[in-house]
Amino acid sequence: MSSSSEKRLEEIRKRISEIDEQLITLIAERTGFAPEIASLKNSLGASVTDSKREQDICEQTRILCEEHCIECSVALKIIKILMEYNKEVQAEFFRKVDSK
Ligand SMILES: C=C(O[C@@H]1C=C(C(=O)O)C=C[C@H]1O)C(=O)O
C-alpha cells in the first residue's frame with residue numbers, strides 16, 4: 001500500500017509528463033513553420049537571422065518570466081535554443097534551394 005506522499009509524488013509526476021508532452025507538441029509546431037518562413041524569406045531576399053525579432057522575443061520572455069515569477073535566465077536559454085534550432089531548419093531549406 002503506497003503512502004500518501006508516494007501517491008502525491010505519482011500525481012505530480014503524471015502532471016509533469018503531461019506538460020512535457022505539451023511542450024514537445026508546441027516545439028514541433030513552432031519548428032514546423034521554419035520551412036515556410038525560409039521560403040518566404042527566400043522570395044523576399046531576407047536573411048535567416050532577424051536580430052530585431054530575436055530581441056523582441058527575448059524581451060517578451062523577460063516580461064512573461066516576471067509575470068509568472070520564474071527565473072528568466074533559464075527561460076531565455078530555452079528560447080535561444082529554440083531560435084537556433086529554427087534557424088538551422090531554415091538554413092537547411094536554403095541549402096536545398098541553392099543546390100537546385
Ligand atoms: C522565425 C524567424 O527566423 C529566425 C528565428 C526566430 C525564432 O525562432 O523565433 C526569430 C527570428 C529569426 O532570427 C523569423 O524571422 O521570424
# chains A, B, ... in the order shown; residues from 1 in each chain; ligands from 1
>>> residues_near_ligand(ligand="ligand 1", cutoff="7 Å", atoms="only C-alpha atoms and all ligand atoms", output="list in words")
Ala34, Ile37, Val48, Thr49, Asp50, Ser51, Arg53, Glu54, Ile57, Leu82, Met83, Glu84, Asn86 and Lys87 of chain A
>>> atom_distance(atom1="atom CA of A:Val74", atom2="atom CA of A:Cys58")
11.7 Å
>>> closest_residue(among="A:Glu66, A:Gln55, A:Ala38, A:Leu76", to="A:Glu88", atoms="only C-alpha atoms")
A:Ala38
>>> closest_residue(among="A:Gly45, A:Glu21, A:Ser99, A:Phe93", to="A:Phe33", atoms="only C-alpha atoms")
A:Phe93
>>> closest_residue(among="A:Ser39, A:Lys52, A:Gln60, A:His68", to="A:Ala91", atoms="only C-alpha atoms")
A:Ser39
>>> closest_residue(among="A:Arg62, A:Arg30, A:Lys100, A:Arg15", to="A:Tyr85", atoms="only C-alpha atoms")
A:Arg30
>>> closest_residue(among="A:Ser4, A:Lys77, A:Arg13, A:Val89", to="A:Ala28", atoms="only C-alpha atoms")
A:Val89
>>> decode(residues="stretch 39-54 of chain A", atoms="all heavy atoms", output="short mmCIF file (atom, residue, chain, number, x, y, z; two decimals), in the first residue's frame")
data_model
loop_
_atom_site.label_atom_id
_atom_site.label_comp_id
_atom_site.auth_asym_id
_atom_site.auth_seq_id
_atom_site.Cartn_x
_atom_site.Cartn_y
_atom_site.Cartn_z
N SER A 39 11.07 29.82 -46.99
CA SER A 39 10.59 30.04 -48.35
C SER A 39 10.18 31.49 -48.55
O SER A 39 10.52 32.12 -49.56
CB SER A 39 9.40 29.11 -48.63
OG SER A 39 8.86 29.37 -49.91
N LEU A 40 9.49 32.05 -47.58
CA LEU A 40 9.05 33.44 -47.65
C LEU A 40 10.26 34.38 -47.65
O LEU A 40 10.34 35.33 -48.44
CB LEU A 40 8.13 33.77 -46.48
CG LEU A 40 6.77 33.07 -46.49
CD1 LEU A 40 6.09 33.21 -45.12
CD2 LEU A 40 5.89 33.64 -47.60
N LYS A 41 11.25 34.08 -46.78
CA LYS A 41 12.45 34.90 -46.73
C LYS A 41 13.23 34.81 -48.03
O LYS A 41 13.78 35.79 -48.52
CB LYS A 41 13.32 34.47 -45.55
CG LYS A 41 12.77 34.90 -44.20
CD LYS A 41 13.70 34.49 -43.08
CE LYS A 41 13.19 34.98 -41.75
NZ LYS A 41 14.08 34.55 -40.63
N ASN A 42 13.25 33.61 -48.61
CA ASN A 42 13.95 33.43 -49.89
C ASN A 42 13.31 34.31 -50.97
O ASN A 42 14.00 34.98 -51.74
CB ASN A 42 13.89 31.95 -50.29
CG ASN A 42 14.76 31.64 -51.51
OD1 ASN A 42 15.90 32.08 -51.59
ND2 ASN A 42 14.19 30.92 -52.45
N SER A 43 11.98 34.36 -50.99
CA SER A 43 11.31 35.18 -52.01
C SER A 43 11.45 36.67 -51.72
O SER A 43 11.40 37.50 -52.63
CB SER A 43 9.82 34.80 -52.07
OG SER A 43 9.21 35.06 -50.82
N LEU A 44 11.66 36.98 -50.44
CA LEU A 44 11.82 38.40 -50.05
C LEU A 44 13.28 38.86 -50.08
O LEU A 44 13.58 40.03 -49.88
CB LEU A 44 11.26 38.61 -48.63
CG LEU A 44 9.74 38.44 -48.46
CD1 LEU A 44 9.39 38.36 -46.97
CD2 LEU A 44 9.02 39.59 -49.15
N GLY A 45 14.18 37.87 -50.27
CA GLY A 45 15.61 38.20 -50.24
C GLY A 45 16.07 38.54 -48.84
O GLY A 45 17.04 39.28 -48.64
N ALA A 46 15.38 37.96 -47.84
CA ALA A 46 15.73 38.25 -46.44
C ALA A 46 16.65 37.17 -45.89
O ALA A 46 16.70 36.04 -46.40
CB ALA A 46 14.45 38.31 -45.60
N SER A 47 17.36 37.53 -44.80
CA SER A 47 18.28 36.57 -44.17
C SER A 47 17.53 35.67 -43.18
O SER A 47 16.45 36.03 -42.72
CB SER A 47 19.38 37.33 -43.41
OG SER A 47 20.08 38.18 -44.32
N VAL A 48 18.16 34.56 -42.84
CA VAL A 48 17.57 33.66 -41.85
C VAL A 48 17.46 34.37 -40.51
O VAL A 48 16.42 34.35 -39.85
CB VAL A 48 18.40 32.38 -41.71
CG1 VAL A 48 17.98 31.58 -40.48
CG2 VAL A 48 18.30 31.53 -42.97
N THR A 49 18.54 35.02 -40.10
CA THR A 49 18.55 35.68 -38.80
C THR A 49 17.92 37.07 -38.85
O THR A 49 18.28 37.88 -39.70
CB THR A 49 19.99 35.79 -38.25
OG1 THR A 49 20.54 34.48 -38.10
CG2 THR A 49 20.01 36.50 -36.90
N ASP A 50 16.97 37.31 -37.97
CA ASP A 50 16.36 38.63 -37.82
C ASP A 50 16.62 39.05 -36.37
O ASP A 50 15.89 38.67 -35.45
CB ASP A 50 14.87 38.57 -38.11
CG ASP A 50 14.20 39.93 -38.03
OD1 ASP A 50 14.63 40.77 -37.22
OD2 ASP A 50 13.24 40.17 -38.80
N SER A 51 17.67 39.80 -36.17
CA SER A 51 18.14 40.14 -34.82
C SER A 51 17.10 40.95 -34.04
O SER A 51 16.92 40.73 -32.83
CB SER A 51 19.46 40.91 -34.89
OG SER A 51 20.45 40.11 -35.50
N LYS A 52 16.42 41.86 -34.71
CA LYS A 52 15.39 42.68 -34.04
C LYS A 52 14.27 41.79 -33.53
O LYS A 52 13.82 41.94 -32.38
CB LYS A 52 14.83 43.72 -35.03
CG LYS A 52 13.65 44.55 -34.49
CD LYS A 52 14.04 45.40 -33.30
CE LYS A 52 12.96 46.39 -32.92
NZ LYS A 52 11.73 45.74 -32.42
N ARG A 53 13.84 40.85 -34.35
CA ARG A 53 12.79 39.92 -33.93
C ARG A 53 13.27 39.09 -32.72
O ARG A 53 12.51 38.89 -31.77
CB ARG A 53 12.43 39.00 -35.10
CG ARG A 53 11.55 37.82 -34.76
CD ARG A 53 10.17 38.18 -34.34
NE ARG A 53 9.38 36.96 -34.16
CZ ARG A 53 8.29 36.87 -33.40
NH1 ARG A 53 7.86 37.96 -32.77
NH2 ARG A 53 7.64 35.73 -33.27
N GLU A 54 14.52 38.65 -32.77
CA GLU A 54 15.05 37.86 -31.65
C GLU A 54 15.11 38.68 -30.37
O GLU A 54 14.80 38.18 -29.28
CB GLU A 54 16.42 37.29 -32.00
CG GLU A 54 16.37 36.25 -33.11
CD GLU A 54 17.66 35.48 -33.30
OE1 GLU A 54 18.49 35.49 -32.38
OE2 GLU A 54 17.83 34.86 -34.35
#
